[in-house]
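Source file: start23.tsv. Holds: TSV, C-alpha atoms.
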chain	number	residue	atom	x	y	z
A	697	MET	CA	24.85	-21.14	5.01
A	698	THR	CA	21.84	-20.66	7.26
A	699	THR	CA	21.69	-17.55	9.38
A	700	LYS	CA	19.42	-17.31	12.38
A	701	VAL	CA	17.67	-13.99	12.88
A	702	MET	CA	17.37	-13.35	16.60
A	703	LEU	CA	15.57	-10.66	18.54
A	704	ASP	CA	18.84	-9.23	19.85
A	705	LYS	CA	17.52	-6.11	21.44
A	706	MET	CA	14.45	-3.99	21.58
A	707	GLU	CA	14.18	-0.27	21.82
A	708	LYS	CA	14.28	1.49	25.16
A	709	ASN	CA	15.43	-1.71	26.88
A	710	ALA	CA	12.08	-3.42	26.50
A	711	LYS	CA	12.44	-7.11	27.32
A	712	THR	CA	9.30	-8.63	25.85
A	713	GLY	CA	6.97	-7.89	22.99
A	714	ARG	CA	4.55	-9.42	20.54
A	715	VAL	CA	5.10	-10.32	16.93
A	716	GLY	CA	3.02	-8.06	14.72
A	717	LYS	CA	2.65	-8.30	10.98
A	718	ILE	CA	4.99	-10.83	9.34
A	719	ALA	CA	5.83	-9.42	5.92
A	720	LYS	CA	7.38	-12.54	4.37
A	721	ALA	CA	6.77	-16.29	4.08
A	722	VAL	CA	8.99	-19.38	3.91
A	723	GLY	CA	10.54	-19.61	0.45
A	724	ASP	CA	10.54	-15.83	-0.12
A	725	THR	CA	13.78	-14.25	-1.18
A	726	VAL	CA	14.85	-11.20	0.81
A	727	LYS	CA	17.32	-8.43	0.21
A	728	ARG	CA	19.44	-6.65	2.75
A	729	GLY	CA	17.38	-3.89	4.37
A	730	GLU	CA	14.05	-5.44	3.46
A	731	LYS	CA	11.34	-5.62	6.13
A	732	LEU	CA	10.88	-9.09	7.66
A	733	LEU	CA	8.48	-8.53	10.52
A	734	GLN	CA	7.45	-6.14	13.27
A	735	VAL	CA	7.78	-6.57	17.00
A	736	GLU	CA	5.67	-4.38	19.22
A	737	SER	CA	6.48	-3.80	22.89
A	738	ALA	CA	4.83	-1.41	25.33
A	739	LYS	CA	7.60	1.00	24.32
A	740	GLY	CA	6.79	1.03	20.62
A	741	ASN	CA	6.89	-0.65	17.26
A	742	THR	CA	10.19	-1.92	15.86
A	743	ILE	CA	10.67	-3.13	12.31
A	744	ILE	CA	13.08	-6.05	11.96
A	745	LYS	CA	14.90	-5.87	8.63
A	746	SER	CA	17.10	-8.42	6.92
A	747	LYS	CA	20.82	-7.89	7.26
A	748	ILE	CA	21.65	-10.24	4.37
A	749	ASN	CA	20.44	-11.32	0.94
A	750	GLY	CA	18.94	-14.81	0.91
A	751	THR	CA	15.90	-17.06	1.09
A	752	ILE	CA	13.73	-17.60	4.15
A	753	THR	CA	13.80	-21.26	5.18
A	754	ALA	CA	11.85	-21.23	8.45
A	755	PHE	CA	9.92	-19.07	10.88
A	756	SER	CA	10.15	-19.80	14.61
A	757	VAL	CA	7.36	-17.38	15.48
A	758	THR	CA	3.84	-16.63	14.30
A	759	GLU	CA	1.87	-13.39	14.29
A	760	GLY	CA	0.67	-12.57	17.77
A	761	ALA	CA	3.36	-14.70	19.48
A	762	ARG	CA	4.94	-13.34	22.65
A	763	VAL	CA	8.70	-12.96	22.26
A	764	LYS	CA	11.57	-11.91	24.45
A	765	VAL	CA	15.06	-10.62	23.78
A	766	GLY	CA	17.26	-13.55	22.71
A	767	ASP	CA	14.47	-15.50	20.98
A	768	GLU	CA	15.02	-16.84	17.48
A	769	LEU	CA	12.64	-15.34	14.93
A	770	LEU	CA	13.49	-17.00	11.62
A	771	GLU	CA	16.18	-18.56	9.46
A	772	ILE	CA	17.58	-17.26	6.20
A	773	GLU	CA	19.70	-19.25	3.77
A	774	LYS	CA	22.33	-16.78	2.66
A	775	ALA	CA	22.59	-16.21	-1.09
A	776	GLU	CA	25.97	-17.17	-2.57
B	1275	MET	CA	26.89	16.34	23.16
B	1276	LYS	CA	26.39	19.28	20.84
B	1277	LYS	CA	23.01	20.96	21.04
B	1278	PRO	CA	20.66	19.39	18.54
B	1279	ASN	CA	19.53	21.30	15.51
B	1280	SER	CA	15.82	21.88	16.07
B	1281	LYS	CA	13.28	22.36	13.32
B	1282	PHE	CA	9.58	23.03	13.15
B	1283	VAL	CA	7.21	21.57	10.57
B	1284	LYS	CA	3.48	22.02	10.31
B	1285	SER	CA	0.85	20.76	7.92
B	1286	THR	CA	-2.25	22.71	6.98
B	1287	SER	CA	-3.77	19.65	5.30
B	1288	PHE	CA	-6.48	17.73	7.16
B	1289	ASN	CA	-5.95	14.63	5.05
B	1290	PRO	CA	-4.74	11.83	7.36
B	1291	TRP	CA	-3.00	9.84	4.62
B	1292	LEU	CA	-1.07	12.89	3.46
B	1293	ASN	CA	-0.15	13.89	7.01
B	1294	LEU	CA	1.11	10.37	7.78
B	1295	ALA	CA	3.04	10.37	4.49
B	1296	ILE	CA	4.72	13.65	5.52
B	1297	GLU	CA	5.52	12.14	8.92
B	1298	GLU	CA	7.19	9.10	7.35
B	1299	TYR	CA	9.02	11.36	4.91
B	1300	LEU	CA	10.38	13.32	7.88
B	1301	VAL	CA	11.54	10.22	9.75
B	1302	GLU	CA	13.24	8.94	6.59
B	1303	HIS	CA	15.10	12.22	6.06
B	1304	VAL	CA	15.84	13.53	9.55
B	1305	LYS	CA	19.57	13.99	10.16
B	1306	ALA	CA	21.44	12.46	13.10
B	1307	ASN	CA	21.74	15.85	14.86
B	1308	GLU	CA	18.15	16.98	14.26
B	1309	VAL	CA	14.99	17.08	16.33
B	1310	ILE	CA	11.84	18.06	14.46
B	1311	LEU	CA	8.55	19.09	16.01
B	1312	TYR	CA	5.74	18.36	13.56
B	1313	LEU	CA	2.19	19.59	14.27
B	1314	TRP	CA	-0.77	18.31	12.27
B	1315	GLN	CA	-4.49	17.69	12.38
B	1316	ASN	CA	-6.81	15.28	10.63
B	1317	MET	CA	-10.43	15.63	9.66
B	1318	ASP	CA	-12.64	12.84	11.07
B	1319	THR	CA	-10.38	9.77	11.03
B	1320	VAL	CA	-9.82	6.60	13.01
B	1321	VAL	CA	-6.08	5.90	13.17
B	1322	ILE	CA	-5.07	2.36	14.10
B	1323	GLY	CA	-1.68	1.10	15.29
B	1324	SER	CA	0.73	-0.64	12.96
B	1325	ASN	CA	-0.13	-4.12	14.21
B	1326	GLN	CA	-3.85	-3.68	14.61
B	1327	ASN	CA	-6.87	-5.11	12.92
B	1328	PRO	CA	-9.36	-2.48	11.67
B	1329	TRP	CA	-12.27	-4.94	11.73
B	1330	LYS	CA	-11.60	-5.57	15.39
B	1331	GLU	CA	-11.00	-1.96	16.42
B	1332	CYS	CA	-13.58	0.10	14.63
B	1333	ASN	CA	-16.99	0.08	13.09
B	1334	ILE	CA	-16.02	0.13	9.43
B	1335	GLU	CA	-19.60	0.12	8.14
B	1336	LYS	CA	-20.55	3.07	10.28
B	1337	MET	CA	-17.35	4.92	9.40
B	1338	GLN	CA	-18.03	4.55	5.69
B	1339	LYS	CA	-21.58	5.80	6.18
B	1340	ASN	CA	-20.42	8.77	8.28
B	1341	GLY	CA	-17.56	9.67	5.91
B	1342	ILE	CA	-14.88	8.87	8.46
B	1343	LYS	CA	-11.53	7.82	7.06
B	1344	LEU	CA	-9.46	4.90	8.25
B	1345	ALA	CA	-5.70	5.30	8.55
B	1346	ARG	CA	-2.89	3.02	9.75
B	1347	ARG	CA	0.23	4.57	11.25
B	1348	LEU	CA	3.77	3.19	11.54
B	1349	SER	CA	3.89	3.27	15.32
B	1350	GLY	CA	2.46	0.71	17.70
B	1351	GLY	CA	-0.41	1.00	20.15
B	1352	GLY	CA	-4.16	1.30	19.92
B	1353	ALA	CA	-6.85	2.95	17.83
B	1354	VAL	CA	-7.56	6.66	18.25
B	1355	PHE	CA	-10.09	9.07	16.79
B	1356	HIS	CA	-8.98	12.37	15.27
B	1357	ASP	CA	-11.08	15.36	14.29
B	1358	ALA	CA	-10.47	19.07	13.97
B	1359	GLY	CA	-10.69	19.39	17.78
B	1360	ASN	CA	-7.64	17.19	18.19
B	1361	LEU	CA	-4.03	18.31	17.75
B	1362	ASN	CA	-1.31	15.83	16.80
B	1363	PHE	CA	2.34	16.32	17.60
B	1364	THR	CA	5.34	14.30	16.44
B	1365	PHE	CA	8.93	14.43	17.63
B	1366	VAL	CA	11.10	13.13	14.81
B	1367	THR	CA	14.70	12.60	15.85
B	1368	GLY	CA	17.99	11.06	14.84
B	1369	LYS	CA	18.34	7.79	16.78
B	1370	ASP	CA	20.74	9.08	19.45
B	1371	LEU	CA	18.69	12.18	20.18
B	1372	TYR	CA	15.51	10.28	20.92
B	1373	ASP	CA	14.58	10.97	24.55
B	1374	GLN	CA	11.05	10.05	25.43
B	1375	GLU	CA	11.02	11.69	28.85
B	1376	LYS	CA	12.36	14.94	27.49
B	1377	GLN	CA	9.82	14.89	24.65
B	1378	LEU	CA	6.95	14.13	27.04
B	1379	ARG	CA	8.15	16.94	29.26
B	1380	VAL	CA	7.73	19.36	26.34
B	1381	ILE	CA	4.07	18.35	26.07
B	1382	LEU	CA	3.44	18.33	29.82
B	1383	ASP	CA	5.00	21.80	30.17
B	1384	ALA	CA	2.90	23.07	27.27
B	1385	VAL	CA	-0.32	21.82	28.87
B	1386	ASN	CA	0.63	22.85	32.38
B	1387	SER	CA	1.48	26.37	31.20
B	1388	PHE	CA	-2.32	26.87	31.21
B	1389	GLY	CA	-2.23	26.29	34.96
B	1390	LEU	CA	-3.22	22.64	34.71
B	1391	ASN	CA	-1.68	19.70	36.48
B	1392	ALA	CA	-1.28	16.99	33.85
B	1393	GLU	CA	0.80	13.88	34.42
B	1394	PHE	CA	2.15	10.93	32.45
B	1395	SER	CA	0.36	7.70	33.27
B	1396	GLY	CA	3.23	5.33	32.63
B	1397	ARG	CA	1.03	3.56	30.10
B	1398	ASN	CA	1.70	5.95	27.22
B	1399	ASP	CA	-1.16	8.27	28.16
B	1400	ILE	CA	-1.18	11.79	29.56
B	1401	LEU	CA	-3.89	12.30	32.13
B	1402	ILE	CA	-5.57	15.04	34.03
B	1403	ASN	CA	-7.51	14.05	37.15
B	1404	GLY	CA	-7.23	10.44	36.02
B	1405	ARG	CA	-8.75	11.06	32.59
B	1406	LYS	CA	-6.84	10.74	29.35
B	1407	PHE	CA	-6.45	13.61	26.90
B	1408	SER	CA	-3.32	12.41	25.11
B	1409	GLY	CA	-2.25	9.01	23.76
B	1410	ASN	CA	1.35	8.48	22.73
B	1411	ALA	CA	2.97	5.94	20.40
B	1412	TYR	CA	6.46	5.24	19.12
B	1413	TYR	CA	8.21	4.05	16.01
B	1414	PHE	CA	11.84	2.99	15.70
B	1415	GLY	CA	13.55	2.90	12.34
B	1416	ASP	CA	17.19	2.04	11.69
B	1417	ASP	CA	18.70	5.50	12.10
B	1418	SER	CA	15.80	7.60	13.30
B	1419	SER	CA	12.73	7.38	15.50
B	1420	TYR	CA	9.54	9.18	16.20
B	1421	HIS	CA	7.27	9.72	19.14
B	1422	HIS	CA	3.85	11.08	18.39
B	1423	GLY	CA	0.65	11.70	20.23
B	1424	THR	CA	-2.79	13.20	20.27
B	1425	LEU	CA	-4.06	16.14	22.30
B	1426	LEU	CA	-7.82	16.20	22.77
B	1427	VAL	CA	-8.62	19.89	22.91
B	1428	ASP	CA	-12.20	20.08	21.71
B	1429	ALA	CA	-12.89	16.76	19.97
B	1430	ASP	CA	-16.33	15.25	19.46
B	1431	ILE	CA	-16.25	12.61	22.20
B	1432	ALA	CA	-19.58	11.08	21.12
B	1433	LYS	CA	-18.23	10.52	17.61
B	1434	LEU	CA	-15.04	9.14	19.11
B	1435	SER	CA	-16.82	6.39	21.02
B	1436	GLU	CA	-19.32	5.67	18.27
B	1437	ASN	CA	-16.66	4.98	15.66
B	1438	LEU	CA	-14.19	3.10	17.82
B	1439	ASN	CA	-16.74	0.45	18.66
B	1440	PRO	CA	-16.54	-2.59	16.44
B	1441	SER	CA	-19.56	-3.98	14.62
B	1442	LYS	CA	-21.36	-7.23	15.36
B	1443	GLN	CA	-18.88	-9.64	13.79
B	1444	LYS	CA	-16.86	-11.58	16.31
B	1445	ILE	CA	-13.22	-11.06	15.47
B	1446	VAL	CA	-10.35	-12.93	17.08
B	1447	SER	CA	-7.20	-11.05	16.16
B	1448	LYS	CA	-3.56	-11.99	16.50
B	1449	GLY	CA	-2.78	-8.25	16.45
B	1450	ILE	CA	-2.56	-5.77	19.29
B	1451	ASP	CA	-5.86	-4.88	20.95
B	1452	SER	CA	-6.75	-1.38	22.08
B	1453	VAL	CA	-7.26	-0.50	25.71
B	1454	LYS	CA	-10.31	1.66	26.40
B	1455	SER	CA	-9.78	4.78	28.49
B	1456	ARG	CA	-11.90	7.49	29.99
B	1457	VAL	CA	-11.13	10.56	27.95
B	1458	VAL	CA	-11.53	14.29	28.46
B	1459	ASN	CA	-11.15	17.41	26.34
B	1460	LEU	CA	-8.76	20.07	27.64
B	1461	LYS	CA	-11.29	22.73	26.74
B	1462	ALA	CA	-13.75	21.18	29.18
B	1463	ILE	CA	-11.23	21.79	31.96
B	1464	ASP	CA	-10.15	25.27	30.91
B	1465	ASP	CA	-12.15	26.97	28.19
B	1466	SER	CA	-9.33	29.38	27.34
B	1467	ILE	CA	-7.61	26.40	25.68
B	1468	ASN	CA	-8.20	26.00	21.97
B	1469	ILE	CA	-6.25	24.45	19.10
B	1470	LYS	CA	-4.49	27.71	18.28
B	1471	SER	CA	-3.39	28.46	21.86
B	1472	MET	CA	-2.29	24.83	22.30
B	1473	LYS	CA	-0.19	24.94	19.11
B	1474	THR	CA	1.49	28.12	20.31
B	1475	SER	CA	2.10	26.62	23.71
B	1476	VAL	CA	3.63	23.37	22.35
B	1477	PHE	CA	5.87	25.34	19.98
B	1478	LYS	CA	7.02	27.62	22.81
B	1479	SER	CA	7.72	24.70	25.11
B	1480	PHE	CA	9.65	22.92	22.31
B	1481	GLN	CA	11.88	25.97	21.82
B	1482	GLU	CA	12.47	26.29	25.56
B	1483	THR	CA	13.75	22.71	25.66
B	1484	TYR	CA	15.54	22.38	22.32
B	1485	GLY	CA	16.50	25.99	21.58
B	1486	ASN	CA	15.19	28.28	18.88
B	1487	VAL	CA	14.27	26.47	15.69
B	1488	SER	CA	16.64	26.86	12.75
B	1489	ALA	CA	14.06	26.07	10.08
B	1490	TYR	CA	10.34	26.30	9.62
B	1491	THR	CA	8.47	24.34	6.96
B	1492	GLU	CA	4.78	24.43	6.19
B	1493	TYR	CA	3.17	21.70	4.10
B	1494	THR	CA	-0.18	22.17	2.41
B	1495	ASP	CA	-2.34	19.78	0.38
B	1496	ALA	CA	0.08	20.50	-2.47
B	1497	ALA	CA	2.73	18.39	-0.67
B	1498	ILE	CA	1.31	15.48	-2.64
B	1499	LYS	CA	3.03	16.85	-5.73
B	1500	ASP	CA	6.38	15.88	-4.21
B	1501	GLU	CA	7.28	12.54	-5.81
B	1502	GLU	CA	8.51	10.87	-2.60
B	1503	ILE	CA	5.53	12.07	-0.53
B	1504	ARG	CA	3.14	10.98	-3.27
B	1505	VAL	CA	4.50	7.42	-3.21
B	1506	LEU	CA	4.06	7.34	0.58
B	1507	TYR	CA	0.57	8.84	0.23
B	1508	GLU	CA	-0.38	6.06	-2.16
B	1509	LYS	CA	0.75	3.52	0.41
B	1510	TYR	CA	-1.19	5.11	3.28
B	1511	SER	CA	-4.38	5.36	1.23
B	1512	SER	CA	-4.22	1.84	-0.25
B	1513	TRP	CA	-6.49	-1.07	0.68
B	1514	GLU	CA	-3.39	-3.23	1.13
B	1515	TRP	CA	-1.91	-0.96	3.81
B	1516	LEU	CA	-5.18	-0.26	5.58
B	1517	TYR	CA	-6.54	-3.79	5.63
B	1518	ALA	CA	-4.06	-6.42	4.41
B	1519	GLU	CA	-1.31	-5.25	6.79
B	1520	SER	CA	-3.37	-6.67	9.66
B	1521	PRO	CA	-1.89	-9.69	11.37
B	1522	SER	CA	-3.85	-12.84	10.49
B	1523	PHE	CA	-7.20	-13.18	12.26
B	1524	ASP	CA	-10.46	-15.05	12.42
B	1525	ALA	CA	-14.08	-13.96	12.20
B	1526	TYR	CA	-17.19	-15.82	13.29
B	1527	TYR	CA	-20.84	-15.50	12.38
B	1528	ASP	CA	-23.72	-17.48	13.77
B	1529	ASN	CA	-27.47	-17.39	13.52
B	1530	ARG	CA	-30.53	-19.64	13.58
B	1531	PHE	CA	-32.67	-19.67	10.45
B	1532	ASN	CA	-35.90	-21.57	9.79
B	1533	TRP	CA	-33.91	-24.27	7.95
B	1534	GLY	CA	-31.40	-24.73	10.81
B	1535	GLU	CA	-28.47	-23.40	12.78
B	1536	LEU	CA	-25.56	-21.91	10.84
B	1537	GLN	CA	-22.07	-21.06	12.05
B	1538	ILE	CA	-19.38	-19.73	9.74
B	1539	GLY	CA	-15.76	-19.39	10.79
B	1540	LEU	CA	-13.43	-17.49	8.49
B	1541	ASN	CA	-9.67	-17.32	8.71
B	1542	PHE	CA	-7.84	-14.44	7.05
B	1543	VAL	CA	-4.36	-13.83	5.78
B	1544	ASP	CA	-3.48	-10.41	4.36
B	1545	GLY	CA	-7.12	-9.32	4.59
B	1546	CYS	CA	-8.37	-12.11	2.32
B	1547	ILE	CA	-10.35	-15.20	3.30
B	1548	LYS	CA	-8.05	-18.19	3.45
B	1549	ASN	CA	-10.07	-20.87	5.23
B	1550	VAL	CA	-13.80	-21.26	5.60
B	1551	LYS	CA	-15.43	-23.54	8.16
B	1552	VAL	CA	-19.17	-24.02	7.98
B	1553	TYR	CA	-21.20	-25.87	10.62
B	1554	THR	CA	-24.90	-26.53	10.26
B	1555	ASP	CA	-27.52	-28.84	11.70
B	1556	SER	CA	-29.59	-28.46	8.54
B	1557	MET	CA	-30.68	-31.61	6.67
B	1558	ASN	CA	-29.38	-30.02	3.48
B	1559	THR	CA	-25.59	-29.90	3.60
B	1560	SER	CA	-24.89	-29.66	-0.11
B	1561	PHE	CA	-24.30	-25.92	0.26
B	1562	VAL	CA	-21.46	-26.29	2.79
B	1563	ASP	CA	-18.68	-27.06	0.31
B	1564	LYS	CA	-20.11	-24.68	-2.24
B	1565	LEU	CA	-20.08	-21.83	0.27
B	1566	ALA	CA	-16.51	-22.60	1.32
B	1567	ASP	CA	-15.37	-22.69	-2.30
B	1568	ILE	CA	-16.90	-19.39	-3.34
B	1569	LEU	CA	-15.65	-17.48	-0.29
B	1570	THR	CA	-12.06	-18.71	-0.35
B	1571	GLY	CA	-9.68	-16.06	-1.67
B	1572	VAL	CA	-12.27	-13.26	-1.46
B	1573	LYS	CA	-11.36	-9.95	0.25
B	1574	PHE	CA	-12.95	-9.47	3.69
B	1575	GLN	CA	-15.13	-6.67	2.42
B	1576	LYS	CA	-18.92	-6.72	2.52
B	1577	LYS	CA	-19.26	-5.82	-1.16
B	1578	GLU	CA	-16.85	-8.53	-2.32
B	1579	MET	CA	-18.36	-11.22	-0.10
B	1580	LEU	CA	-21.91	-10.42	-1.21
B	1581	LYS	CA	-20.82	-10.43	-4.83
B	1582	ALA	CA	-19.32	-13.90	-4.38
B	1583	ILE	CA	-22.47	-15.20	-2.64
B	1584	ARG	CA	-24.77	-13.75	-5.29
B	1585	SER	CA	-22.75	-15.09	-8.19
B	1586	ALA	CA	-22.88	-18.68	-6.90
B	1587	THR	CA	-24.66	-21.27	-9.03
B	1588	ILE	CA	-27.33	-22.61	-6.72
B	1589	ASN	CA	-30.38	-24.85	-6.84
B	1590	CYS	CA	-33.89	-24.01	-5.62
B	1591	GLU	CA	-33.35	-25.48	-2.16
B	1592	GLU	CA	-30.21	-23.45	-1.65
B	1593	LYS	CA	-31.78	-20.18	-2.66
B	1594	GLN	CA	-33.12	-19.34	0.80
B	1595	ILE	CA	-29.92	-20.56	2.48
B	1596	PHE	CA	-27.71	-18.29	0.35
B	1597	ALA	CA	-30.04	-15.35	0.91
B	1598	ASP	CA	-29.73	-15.93	4.66
B	1599	VAL	CA	-25.94	-16.22	4.45
B	1600	ALA	CA	-25.91	-12.91	2.58
B	1601	SER	CA	-27.96	-11.35	5.39
B	1602	LEU	CA	-25.25	-12.40	7.86
B	1603	PHE	CA	-22.66	-10.43	5.92
B	1604	GLU	CA	-24.93	-7.40	5.35

Could you express the structure from this file as structure tokens?
Amino acid sequence: MTTKVMLDKMEKNAKTGRVGKIAKAVGDTVKRGEKLLQVESAKGNTIIKSKINGTITAFSVTEGARVKVGDELLEIEKAE
Amino acid sequence: MKKPNSKFVKSTSFNPWLNLAIEEYLVEHVKANEVILYLWQNMDTVVIGSNQNPWKECNIEKMQKNGIKLARRLSGGGAVFHDAGNLNFTFVTGKDLYDQEKQLRVILDAVNSFGLNAEFSGRNDILINGRKFSGNAYYFGDDSSYHHGTLLVDADIAKLSENLNPSKQKIVSKGIDSVKSRVVNLKAIDDSINIKSMKTSVFKSFQETYGNVSAYTEYTDAAIKDEEIRVLYEKYSSWEWLYAESPSFDAYYDNRFNWGELQIGLNFVDGCIKNVKVYTDSMNTSFVDKLADILTGVKFQKKEMLKAIRSATINCEEKQIFADVASLFE
């Protein structure tokens, strides 16, 4: 099953930010709690971690991209 | 809500990588009901934001020559210069206790207790008469957060501007760029202010807001002996963290030599050269592919790039060209 990782909320009610360092690539396996990428808003730096174990199948954003709350960031194929 | 449990931590080390390791250790271990004030100072260091590019923000060559360290923090924002005339503060809190306005108020009250009239700029800076003496940045973990900032008390402003200026390479970064500000030392406004009196004042203001501290911890250079802090220290001092954590970026070089015009475009991922584009109007183009081949995969570090250039197998005609390319990277 593919799970979409969305930017559901940012700290301090920030609405927009920029994608910072992306820690993983398509095809990488990730564990729950592992760092996926960073999003930086004027309010600060937030680390987006994986909530599931699986394999990254796609990124919808690149480093430096402007993002807003509700945007899709990447897709993870959940490990069985 | 119950009154938070307030704690005070200070570091007597001036090692930026150790002080940042202690800061991360604190944010990893702070309890939900705790607010920690952490005071620390670094010897000559440029500290960049989590999503910044050191090649874009500072003059790495000059820093190495002047013995100035580079450090990357966890929080966002721009590059700052620290020396012994600068005091750093960090509020480390459980997630629900994080209150930026309250924390900023602690700092404003501490500064204004000297009879000054400092104010928050709204852009993460604290100003006095329109000039910045404090930059603030924020990090949000899963269960805890921190807010930290600088206080320019008696810093070497000339050194600050010299080392924050990038070198001649043209860097196009996908990271976060710094915003330049007019800065001022607090001591220049009131010469009764020094690092010691400022520390006392921040501590006093913290206790007035959060109540008397229940614990006091002092870290020295020996903190590195702690296993968990040592692992974090190794991260903060590693090439990978300092350079390869930069978002991908491009660098350009161009110059005219007696054999023709040369432009080199480099694209980087994780601090290493991934793509090389060479443009020349020279009659001899045999070197173009050779140059691209030898640079691909090399770290974006002068020493490594020169080593690659010098180890290339070249013919007589290419000798001058490769020497000129090397001069571009020098």

- request: Name the residues in contact with region 1344-1360 of chain B at a cut-off of 6 Å, using only C-alpha atoms, excluding same-chain residues fewer than 3 positions from it; report them as an MDAnalysis selection string.
  value: (chainID A and resid 740:741) or (chainID B and resid 1316:1324 1411:1413 1425:1429 1434 1452 1516)

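The shortest atom-to-atom distance to Met706 (chain A), with all atoms listed in the file taken into account, belongs to B:Gly1415 out of B:Gly1389, B:Gly1396, B:Gly1415, B:Pro1278.
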
- request: Could you check which of B:Val1385, B:Leu1540, B:Leu1313, B:Ala1597 is closest to Ile1463 (chain B), using all atoms listed in the file?
  value: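 Nearest to Ile1463 (chain B): B:Val1385.
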
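The closest residue to chain A, picked from B:Gln1594, B:Asn1410, B:Asn1468, B:Asn1293 and counting only C-alpha atoms, is B:Asn1410.
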
query: If you measure from CA of Leu1460 (chain B) to CA of Lys1478 (chain B), what distance in Å do you get, rounded to one decimal?
result: 18.1 Å

query: Counting only C-alpha atoms, which residues from chain B have an atom at most 12 Å from any atom of chain A, and could you show them as a PyMOL selection string?
result: chain B and resi 1323-1327+1347-1352+1369-1370+1372-1375+1396-1399+1410-1422+1446-1451+1515+1517-1523+1543-1545

Computed interatomic separation between CA of Ile1595 (chain B) and CA of Ile1334 (chain B) (Å):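 Spanning CA of Ile1595 (chain B) to CA of Ile1334 (chain B) is a straight-line distance of 25.9 Å.
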
- line: A straight line from CA of Asn1439 (chain B) to CA of Val1550 (chain B) spans 25.5 Å

Just the residues within 6 Å of region 764-768 of chain A, please, counting all atoms listed in the file, with nothing from its chain fewer than 3 positions along; format it as a tab-separated table (two decimals) with C-alpha atoms, in the coordinates of the input.
chain	number	residue	atom	x	y	z
A	702	MET	CA	17.37	-13.35	16.60
A	703	LEU	CA	15.57	-10.66	18.54
A	704	ASP	CA	18.84	-9.23	19.85
A	705	LYS	CA	17.52	-6.11	21.44
A	711	LYS	CA	12.44	-7.11	27.32
A	712	THR	CA	9.30	-8.63	25.85

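Excluding Lys700 (chain A) and any residue on its chain fewer than 5 positions from it, the residues at most 9 Å away by only C-alpha atoms are Glu768, Leu769, Leu770, Glu771, Ile772 and Glu773 of chain A.
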
Around (22.1, -14.9, 3.8), as given in the file, which residues come within 8 Å? Count only C-alpha atoms and list them as a short mmCIF file (atom, residue, chain, number, x, y, z; two decimals) with C-alpha atoms, in the coordinates of the input.
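Contents of out.cif, freshly written:
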data_model
loop_
_atom_site.label_atom_id
_atom_site.label_comp_id
_atom_site.auth_asym_id
_atom_site.auth_seq_id
_atom_site.Cartn_x
_atom_site.Cartn_y
_atom_site.Cartn_z
CA MET A 697 24.85 -21.14 5.01
CA THR A 698 21.84 -20.66 7.26
CA THR A 699 21.69 -17.55 9.38
CA LYS A 747 20.82 -7.89 7.26
CA ILE A 748 21.65 -10.24 4.37
CA ASN A 749 20.44 -11.32 0.94
CA GLY A 750 18.94 -14.81 0.91
CA THR A 751 15.90 -17.06 1.09
CA ILE A 772 17.58 -17.26 6.20
CA GLU A 773 19.70 -19.25 3.77
CA LYS A 774 22.33 -16.78 2.66
CA ALA A 775 22.59 -16.21 -1.09
CA GLU A 776 25.97 -17.17 -2.57
#

Polymer residues at most 10 Å from Asp1598 (chain B), only C-alpha atoms, same-chain spacing of 3 or more positions, as a PyMOL selection string: chain B and resi 1529-1533+1536+1592-1595+1601-1604
